[in-house]
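**Q** See my_file.cif below, with mmCIF, C-alpha atoms.
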data_input
loop_
_atom_site.group_PDB
_atom_site.id
_atom_site.type_symbol
_atom_site.label_atom_id
_atom_site.label_comp_id
_atom_site.auth_asym_id
_atom_site.auth_seq_id
_atom_site.Cartn_x
_atom_site.Cartn_y
_atom_site.Cartn_z
ATOM 1 C CA MET K 1 94.313 88.108 140.480
ATOM 2 C CA PRO K 2 91.870 86.330 138.119
ATOM 3 C CA GLU K 3 88.222 86.531 139.099
ATOM 4 C CA THR K 4 86.640 83.424 140.567
ATOM 5 C CA LYS K 5 83.659 81.816 138.867
ATOM 6 C CA ASP K 6 81.463 82.865 141.794
ATOM 7 C CA ALA K 7 82.591 86.496 141.435
ATOM 8 C CA GLN K 8 81.841 86.442 137.702
ATOM 9 C CA GLU K 9 78.386 85.007 138.290
ATOM 10 C CA LEU K 10 77.657 87.589 141.001
ATOM 11 C CA GLU K 11 78.768 90.398 138.691
ATOM 12 C CA LYS K 12 76.489 89.063 135.946
ATOM 13 C CA ILE K 13 73.527 89.097 138.333
ATOM 14 C CA GLU K 14 74.349 92.679 139.340
ATOM 15 C CA ILE K 15 74.628 93.766 135.710
ATOM 16 C CA GLU K 16 71.290 92.137 134.879
ATOM 17 C CA LEU K 17 69.691 93.978 137.824
ATOM 18 C CA LEU K 18 71.269 97.264 136.691
ATOM 19 C CA LEU K 19 69.988 96.885 133.141
ATOM 20 C CA GLU K 20 66.522 95.927 134.391
ATOM 21 C CA ALA K 21 66.483 98.999 136.662
ATOM 22 C CA ILE K 22 67.527 101.252 133.764
ATOM 23 C CA PHE K 23 64.737 99.835 131.610
ATOM 24 C CA ARG K 24 62.020 100.086 134.259
ATOM 25 C CA VAL K 25 62.870 103.575 135.460
ATOM 26 C CA TYR K 26 64.205 105.283 132.326
ATOM 27 C CA GLY K 27 62.933 103.171 129.423
ATOM 28 C CA TYR K 28 66.353 102.474 127.877
ATOM 29 C CA ASP K 29 66.581 98.785 127.048
ATOM 30 C CA PHE K 30 70.109 97.346 127.092
ATOM 31 C CA ARG K 31 68.979 93.972 128.459
ATOM 32 C CA ASN K 32 69.647 92.075 125.243
ATOM 33 C CA TYR K 33 72.871 93.756 124.241
ATOM 34 C CA ALA K 34 75.861 91.438 123.876
ATOM 35 C CA TYR K 35 76.954 90.721 127.444
ATOM 36 C CA ASP K 36 80.731 91.046 127.051
ATOM 37 C CA SER K 37 80.344 94.392 125.284
ATOM 38 C CA ILE K 38 77.929 95.891 127.814
ATOM 39 C CA ARG K 39 80.051 94.612 130.723
ATOM 40 C CA ARG K 40 83.151 96.360 129.352
ATOM 41 C CA ARG K 41 81.259 99.636 129.101
ATOM 42 C CA ILE K 42 79.812 99.326 132.598
ATOM 43 C CA ARG K 43 83.220 98.508 134.041
ATOM 44 C CA HIS K 44 84.720 101.542 132.325
ATOM 45 C CA ALA K 45 81.973 103.749 133.783
ATOM 46 C CA MET K 46 82.623 102.289 137.242
ATOM 47 C CA ARG K 47 86.304 103.206 137.026
ATOM 48 C CA VAL K 48 85.404 106.751 135.994
ATOM 49 C CA PHE K 49 82.842 107.036 138.813
ATOM 50 C CA GLY K 50 85.164 105.486 141.390
ATOM 51 C CA LEU K 51 82.855 102.557 142.157
ATOM 52 C CA VAL K 52 83.923 99.054 143.172
ATOM 53 C CA HIS K 53 80.692 97.089 142.753
ATOM 54 C CA VAL K 54 77.934 97.215 140.150
ATOM 55 C CA SER K 55 75.387 97.296 142.976
ATOM 56 C CA ALA K 56 76.698 100.742 143.886
ATOM 57 C CA MET K 57 75.953 101.839 140.329
ATOM 58 C CA ILE K 58 72.371 100.584 140.724
ATOM 59 C CA GLU K 59 71.846 102.766 143.791
ATOM 60 C CA GLN K 60 73.224 105.838 142.058
ATOM 61 C CA VAL K 61 71.225 105.294 138.869
ATOM 62 C CA LEU K 62 67.958 104.822 140.758
ATOM 63 C CA HIS K 63 68.328 107.861 142.985
ATOM 64 C CA HIS K 64 70.370 110.309 140.905
ATOM 65 C CA PRO K 65 69.078 110.928 137.343
ATOM 66 C CA SER K 66 72.126 113.042 136.543
ATOM 67 C CA ARG K 67 74.329 109.995 137.125
ATOM 68 C CA MET K 68 72.097 108.053 134.724
ATOM 69 C CA GLN K 69 72.818 110.620 132.034
ATOM 70 C CA GLU K 70 76.541 110.217 132.673
ATOM 71 C CA LEU K 71 76.233 106.439 132.447
ATOM 72 C CA LEU K 72 74.377 106.671 129.132
ATOM 73 C CA ARG K 73 77.406 108.371 127.596
ATOM 74 C CA HIS K 74 79.359 105.197 128.372
ATOM 75 C CA LEU K 75 76.659 102.783 127.230
ATOM 76 C CA PHE K 76 75.942 104.435 123.889
ATOM 77 C CA ILE K 77 78.427 103.722 121.100
ATOM 78 C CA ASN K 78 78.870 106.610 118.693
ATOM 79 C CA VAL K 79 81.570 105.480 116.291
ATOM 80 C CA THR K 80 81.044 106.836 112.794
ATOM 81 C CA GLU K 81 82.481 109.058 110.081
ATOM 82 C CA MET K 82 81.602 110.503 106.701
ATOM 83 C CA PHE K 83 81.596 107.837 103.969
ATOM 84 C CA ARG K 84 82.731 105.196 106.429
ATOM 85 C CA ASP K 85 83.823 102.086 104.509
ATOM 86 C CA PRO K 86 84.084 104.025 101.216
ATOM 87 C CA THR K 87 83.890 100.918 99.043
ATOM 88 C CA MET K 88 80.367 100.305 100.325
ATOM 89 C CA PHE K 89 79.272 103.745 99.116
ATOM 90 C CA ARG K 90 80.979 103.183 95.769
ATOM 91 C CA THR K 91 79.196 99.837 95.409
ATOM 92 C CA PHE K 92 75.917 101.486 96.426
ATOM 93 C CA ARG K 93 76.376 103.986 93.584
ATOM 94 C CA GLU K 94 76.993 101.190 91.103
ATOM 95 C CA LYS K 95 74.431 98.581 92.172
ATOM 96 C CA VAL K 96 71.619 100.368 94.033
ATOM 97 C CA VAL K 97 71.371 103.843 92.488
ATOM 98 C CA PRO K 98 70.158 102.467 89.102
ATOM 99 C CA PHE K 99 67.161 100.914 90.891
ATOM 100 C CA LEU K 100 66.462 104.123 92.789
ATOM 101 C CA HIS K 101 66.212 106.054 89.526
ATOM 102 C CA THR K 102 63.132 103.977 88.660
ATOM 103 C CA TYR K 103 61.198 105.037 91.785
ATOM 104 C CA PRO K 104 59.002 108.176 91.900
ATOM 105 C CA HIS K 105 59.843 108.648 95.579
ATOM 106 C CA ILE K 106 62.649 107.207 97.712
ATOM 107 C CA ARG K 107 62.499 106.519 101.432
ATOM 108 C CA ILE K 108 65.742 105.607 103.195
ATOM 109 C CA TRP K 109 66.198 104.639 106.840
ATOM 110 C CA HIS K 110 69.554 104.981 108.592
ATOM 111 C CA ALA K 111 69.005 102.951 111.783
ATOM 112 C CA GLY K 112 71.545 103.769 114.480
ATOM 113 C CA CYS K 113 72.682 106.949 112.748
ATOM 114 C CA SER K 114 74.727 108.169 115.729
ATOM 115 C CA THR K 115 75.886 111.765 115.131
ATOM 116 C CA GLY K 116 74.664 111.813 111.540
ATOM 117 C CA GLU K 117 77.764 111.600 109.391
ATOM 118 C CA GLU K 118 76.627 108.617 107.352
ATOM 119 C CA ALA K 119 73.160 110.057 106.752
ATOM 120 C CA LEU K 120 74.830 113.223 105.447
ATOM 121 C CA SER K 121 77.082 111.070 103.282
ATOM 122 C CA MET K 122 74.006 109.477 101.737
ATOM 123 C CA ALA K 123 72.507 112.926 101.147
ATOM 124 C CA ILE K 124 75.649 113.941 99.258
ATOM 125 C CA LEU K 125 75.635 110.739 97.210
ATOM 126 C CA LEU K 126 71.966 111.177 96.285
ATOM 127 C CA LYS K 127 72.540 114.815 95.360
ATOM 128 C CA GLU K 128 75.368 113.884 93.020
ATOM 129 C CA GLU K 129 73.228 111.173 91.443
ATOM 130 C CA GLY K 130 70.290 113.539 90.857
ATOM 131 C CA LEU K 131 68.072 111.726 93.362
ATOM 132 C CA TYR K 132 68.045 113.955 96.420
ATOM 133 C CA ASP K 133 64.977 116.012 95.565
ATOM 134 C CA LYS K 134 62.740 112.927 95.470
ATOM 135 C CA ALA K 135 64.302 111.284 98.526
ATOM 136 C CA ARG K 136 63.546 111.414 102.233
ATOM 137 C CA ILE K 137 66.156 110.127 104.656
ATOM 138 C CA TYR K 138 64.997 109.051 108.108
ATOM 139 C CA ALA K 139 67.991 108.920 110.437
ATOM 140 C CA THR K 140 67.283 107.451 113.866
ATOM 141 C CA ASP K 141 69.177 106.663 117.029
ATOM 142 C CA ILE K 142 68.504 105.927 120.678
ATOM 143 C CA ASP K 143 70.896 108.684 121.829
ATOM 144 C CA GLU K 144 69.297 112.152 121.955
ATOM 145 C CA ASP K 145 72.663 113.866 122.496
ATOM 146 C CA ALA K 146 74.006 112.272 119.317
ATOM 147 C CA LEU K 147 70.870 113.344 117.432
ATOM 148 C CA ASP K 148 71.352 116.939 118.562
ATOM 149 C CA ILE K 149 74.824 116.897 116.999
ATOM 150 C CA ALA K 150 73.383 115.360 113.832
ATOM 151 C CA ARG K 151 70.670 118.019 113.534
ATOM 152 C CA ALA K 152 73.256 120.796 113.863
ATOM 153 C CA GLY K 153 75.456 119.366 111.103
ATOM 154 C CA ILE K 154 78.593 120.794 112.754
ATOM 155 C CA TYR K 155 81.718 118.646 112.994
ATOM 156 C CA PRO K 156 85.397 119.148 113.924
ATOM 157 C CA LEU K 157 87.568 120.595 111.180
ATOM 158 C CA ARG K 158 90.308 118.108 112.091
ATOM 159 C CA ASN K 159 88.148 115.271 110.721
ATOM 160 C CA MET K 160 87.844 116.712 107.238
ATOM 161 C CA LYS K 161 91.104 115.281 105.896
ATOM 162 C CA THR K 162 89.927 111.726 106.627
ATOM 163 C CA TYR K 163 86.401 112.484 105.429
ATOM 164 C CA THR K 164 87.725 113.939 102.171
ATOM 165 C CA GLN K 165 89.814 110.839 101.520
ATOM 166 C CA ASN K 166 86.779 108.656 102.211
ATOM 167 C CA TYR K 167 84.645 110.776 99.874
ATOM 168 C CA ILE K 168 87.130 110.430 97.016
ATOM 169 C CA ARG K 169 87.396 106.652 97.514
ATOM 170 C CA ALA K 170 83.596 106.439 97.613
ATOM 171 C CA GLY K 171 83.387 107.848 94.087
ATOM 172 C CA GLY K 172 82.631 111.471 94.909
ATOM 173 C CA THR K 173 82.283 113.661 91.830
ATOM 174 C CA ARG K 174 82.938 117.143 93.261
ATOM 175 C CA GLU K 175 85.204 118.850 95.745
ATOM 176 C CA PHE K 176 84.179 117.636 99.200
ATOM 177 C CA SER K 177 84.715 121.144 100.577
ATOM 178 C CA ASP K 178 81.838 122.332 98.361
ATOM 179 C CA TYR K 179 79.432 120.828 100.883
ATOM 180 C CA TYR K 180 80.489 122.686 104.015
ATOM 181 C CA THR K 181 81.729 126.007 105.340
ATOM 182 C CA ALA K 182 84.735 126.088 107.669
ATOM 183 C CA ARG K 183 84.582 128.339 110.706
ATOM 184 C CA TYR K 184 87.507 128.381 113.121
ATOM 185 C CA ASP K 185 88.013 124.758 114.267
ATOM 186 C CA ALA K 186 84.707 123.379 112.972
ATOM 187 C CA VAL K 187 82.740 122.990 109.756
ATOM 188 C CA ILE K 188 79.021 123.338 109.176
ATOM 189 C CA PHE K 189 77.415 121.374 106.360
ATOM 190 C CA HIS K 190 75.120 123.308 104.078
ATOM 191 C CA SER K 191 71.467 123.409 105.071
ATOM 192 C CA ASP K 192 70.416 122.233 101.605
ATOM 193 C CA LEU K 193 71.818 118.796 102.483
ATOM 194 C CA MET K 194 69.716 118.685 105.656
ATOM 195 C CA ARG K 195 66.468 119.648 103.930
ATOM 196 C CA ASN K 196 65.282 116.086 103.305
ATOM 197 C CA ILE K 197 66.741 114.419 106.406
ATOM 198 C CA VAL K 198 64.535 113.705 109.408
ATOM 199 C CA PHE K 199 66.458 112.960 112.605
ATOM 200 C CA ALA K 200 64.393 111.190 115.263
ATOM 201 C CA ARG K 201 64.758 108.947 118.298
ATOM 202 C CA HIS K 202 64.047 105.265 117.691
ATOM 203 C CA ASN K 203 64.991 102.282 119.825
ATOM 204 C CA LEU K 204 65.626 99.080 117.888
ATOM 205 C CA ALA K 205 65.142 97.091 121.088
ATOM 206 C CA THR K 206 61.595 98.295 121.800
ATOM 207 C CA ASP K 207 60.108 100.419 119.000
ATOM 208 C CA GLN K 208 58.108 99.268 115.980
ATOM 209 C CA SER K 209 58.229 99.928 112.247
ATOM 210 C CA PHE K 210 57.182 103.445 111.296
ATOM 211 C CA ASN K 211 57.213 103.460 107.481
ATOM 212 C CA GLU K 212 57.939 101.409 104.362
ATOM 213 C CA PHE K 213 61.421 101.976 102.984
ATOM 214 C CA ASN K 214 63.269 101.411 99.731
ATOM 215 C CA VAL K 215 66.631 101.253 101.519
ATOM 216 C CA ILE K 216 67.530 100.454 105.133
ATOM 217 C CA LEU K 217 71.074 100.908 106.388
ATOM 218 C CA CYS K 218 72.046 99.547 109.799
ATOM 219 C CA ARG K 219 75.790 99.251 109.860
ATOM 220 C CA ASN K 220 77.855 97.999 112.795
ATOM 221 C CA VAL K 221 74.962 98.177 115.248
ATOM 222 C CA LEU K 222 73.812 94.558 115.358
ATOM 223 C CA ILE K 223 77.252 93.385 116.514
ATOM 224 C CA TYR K 224 76.421 94.874 119.926
ATOM 225 C CA PHE K 225 73.163 92.888 120.243
ATOM 226 C CA ASP K 226 72.679 89.354 121.470
ATOM 227 C CA LYS K 227 71.007 86.777 119.222
ATOM 228 C CA SER K 228 67.452 87.505 120.376
ATOM 229 C CA LEU K 229 67.788 91.247 119.816
ATOM 230 C CA GLN K 230 69.478 90.686 116.450
ATOM 231 C CA SER K 231 66.494 88.540 115.458
ATOM 232 C CA ARG K 232 64.094 91.277 116.551
ATOM 233 C CA ALA K 233 65.985 93.873 114.517
ATOM 234 C CA HIS K 234 66.022 91.662 111.420
ATOM 235 C CA ARG K 235 62.258 91.139 111.674
ATOM 236 C CA LEU K 236 61.791 94.894 112.037
ATOM 237 C CA PHE K 237 63.914 95.563 108.949
ATOM 238 C CA HIS K 238 62.144 92.887 106.917
ATOM 239 C CA ASP K 239 58.729 94.257 107.883
ATOM 240 C CA SER K 240 59.848 97.826 107.106
ATOM 241 C CA LEU K 241 61.445 97.129 103.729
ATOM 242 C CA ALA K 242 59.467 97.279 100.498
ATOM 243 C CA THR K 243 59.686 94.338 98.088
ATOM 244 C CA PHE K 244 62.939 94.665 96.115
ATOM 245 C CA GLY K 245 64.155 97.144 98.718
ATOM 246 C CA VAL K 246 67.801 97.028 99.772
ATOM 247 C CA LEU K 247 69.205 96.206 103.224
ATOM 248 C CA VAL K 248 72.752 97.357 103.980
ATOM 249 C CA LEU K 249 74.602 95.863 106.962
ATOM 250 C CA GLY K 250 78.022 96.452 108.464
ATOM 251 C CA SER K 251 81.200 94.677 107.453
ATOM 252 C CA ARG K 252 81.035 92.261 110.418
ATOM 253 C CA GLU K 253 77.310 91.573 110.086
ATOM 254 C CA SER K 254 75.260 89.186 107.983
ATOM 255 C CA ILE K 255 71.715 88.000 107.360
ATOM 256 C CA GLN K 256 72.918 84.397 107.670
ATOM 257 C CA PHE K 257 71.163 82.583 110.522
ATOM 258 C CA SER K 258 68.891 85.598 111.031
ATOM 259 C CA GLY K 259 65.808 83.609 110.083
ATOM 260 C CA PHE K 260 65.290 85.915 107.097
ATOM 261 C CA ASP K 261 68.221 84.966 104.865
ATOM 262 C CA GLY K 262 65.856 83.171 102.479
ATOM 263 C CA CYS K 263 63.955 86.417 101.926
ATOM 264 C CA TYR K 264 66.889 88.212 100.282
ATOM 265 C CA GLU K 265 69.318 87.917 97.421
ATOM 266 C CA ALA K 266 72.837 89.243 97.722
ATOM 267 C CA LEU K 267 73.640 92.283 95.593
ATOM 268 C CA ASP K 268 77.160 92.320 96.986
ATOM 269 C CA LEU K 269 78.318 89.895 99.665
ATOM 270 C CA THR K 270 81.547 91.762 100.345
ATOM 271 C CA GLU K 271 79.810 95.055 101.085
ATOM 272 C CA LYS K 272 76.769 93.368 102.694
ATOM 273 C CA LEU K 273 74.090 94.688 100.307
ATOM 274 C CA TYR K 274 70.963 92.527 100.091
ATOM 275 C CA ARG K 275 67.753 92.935 98.078
ATOM 276 C CA LYS K 276 64.462 91.764 99.595
ATOM 277 C CA LEU K 277 62.553 89.277 97.452
ATOM 278 C CA THR K 278 59.718 88.178 99.742
#
Can you dump the structure from the file as structure tokens?
**A**
Amino acid sequence: MPETKDAQELEKIEIELLLEAIFRVYGYDFRNYAYDSIRRRIRHAMRVFGLVHVSAMIEQVLHHPSRMQELLRHLFINVTEMFRDPTMFRTFREKVVPFLHTYPHIRIWHAGCSTGEEALSMAILLKEEGLYDKARIYATDIDEDALDIARAGIYPLRNMKTYTQNYIRAGGTREFSDYYTARYDAVIFHSDLMRNIVFARHNLATDQSFNEFNVILCRNVLIYFDKSLQSRAHRLFHDSLATFGVLVLGSRESIQFSGFDGCYEALDLTEKLYRKLT
């Protein structure tokens, strides 16, 4: 039976109270995430937990920290892969790498790095382009569990076929298997690739800028934010990006209507690469 308007409004109030409770007690701020997306994730968690009403989730979250940790696994979105959207990485090689060769030092920020695959992909690309030794990659996420996976650099062996195909399409110049060692049903990426990557917790909803960067990549994260949080993130990126630095967004994201679109020129509209002018 379809929900009544009153039931939908009551659920929205409950969800707002839940998100406010999470922020006040635990410091995780989901209050300005896109409502439909966050509601789907909360509803899925409720089915798993066997709960009928969101208010029951509030009680459990407030009084049982272990349940909060379980809920976080539903609220965080960790969808990524090595060289995801390979044409973006190929375009990055062609249109951004030449600029990076002119810099004495390179600082790159992967915002919302999840379990680290894309930061590792950038490390491989920079290594092949002779840039890795003068680069520092800062890879951040709100999810500490995802960051632990990223720091370990260990991923399922079953993913390597897809990752290898992505690597080839992204313009890779070596054998992808040169970068990792397979052990049983997993692979571990070589420590030399991790040497210049710093994995750290950072919350785009609440935290401030922490450096000046030549490149910022935030791909397929902003789609989960509402307009106000998207605006906050765009201001943060603009303030963190050096003049002539490059911002890379996801395929469904844009700087249009961000309030900062006049500050950039498009290097590639298809792949969402923008260079900061002012």
**Q** Given the file shown, enumerate the residues that the PyMOL selection byres ((chain K and resi 225) around 10) captures and present them as an MDAnalysis selection string.
**A** chainID K and resid 30:35 37:38 205 221:224 226:233
**Q** Quick one: residues within 12 Å of Ala7 in chain K, all atoms listed in the file counted, chain neighbours fewer than 6 positions away excluded, as a PyMOL selection string?
**A** chain K and resi 1+13-14+53-54
**Q** Between K:Pro98, K:Pro86, K:Gly116, K:Pro104, which residue has the minimum interatomic distance to Thr162 in chain K, considering all atoms listed in the file?
**A**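 The closest residue to Thr162 in chain K is K:Pro86.
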**Q** Mind giving me the straight-line distance from CA of Arg275 in chain K to CA of Leu217 in chain K in Å, one decimal?
**A** 12.0 Å
**Q** Neighbours of Thr91 in chain K within 12 Å (all atoms listed in the file; same-chain residues fewer than 6 positions away dropped), as a list in words?
**A**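 Returned residues: Phe83, Asp85, Val97, Pro98, Leu125, Arg169, Ala170, Gly171, Val248, Leu267, Asp268, Leu269, Thr270, Glu271, Lys272, Leu273 and Tyr274 of chain K.
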**Q** To test your reading of the syntax: which residues would the PyMOL selection byres ((chain K and resi 197) around 7) return for the file shown? Reply as a list in words.
**A**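 Here the PyMOL selection byres ((chain K and resi 197) around 7) matches Arg136, Ile137, Tyr138, Ala139, Met194, Arg195, Asn196, Val198 and Phe199 of chain K.
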**Q** Using all atoms listed in the file, which residue out of K:Cys113, K:Leu10, K:Leu126, K:Asp192 lies closest to Phe92 in chain K?
**A**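 For Phe92 in chain K, the nearest of the candidates is K:Leu126.
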**Q** Report the centre and edge lengths, in Å to one decimal, of an axis-aligned box enclosing every atom of range 153-170 of chain K listed in the file, padded by 4 Å on each side, as JSON.
**A**
{"center_x": 83.3, "center_y": 113.6, "center_z": 105.5, "size_x": 23.6, "size_y": 22.4, "size_z": 24.9}
**Q** Pick from K:Val246, K:Ala56, K:Ala152, K:Ala135: nearest to Leu18 in chain K, with only C-alpha atoms counted?
**A**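 Checking each of K:Val246, K:Ala56, K:Ala152, K:Ala135 against Leu18 in chain K, counting only C-alpha atoms, the winner is K:Ala56.
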**Q** Mind checking which residues fall within 10 Å of range 73-75 of chain K, counting only C-alpha atoms, ignoring those fewer than 2 positions away in the same chain, and posting them as a list in words?
**A**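 Contacts, with the query itself left out: Phe30, Ser37, Ile38, Arg39, Arg40, Arg41, Ile42, Arg43, His44, Ala45, Met46, Val48, Met68, Gln69, Glu70, Leu71, Ile77, Asn78, Asp143, Asp145 and Ala146 of chain K.
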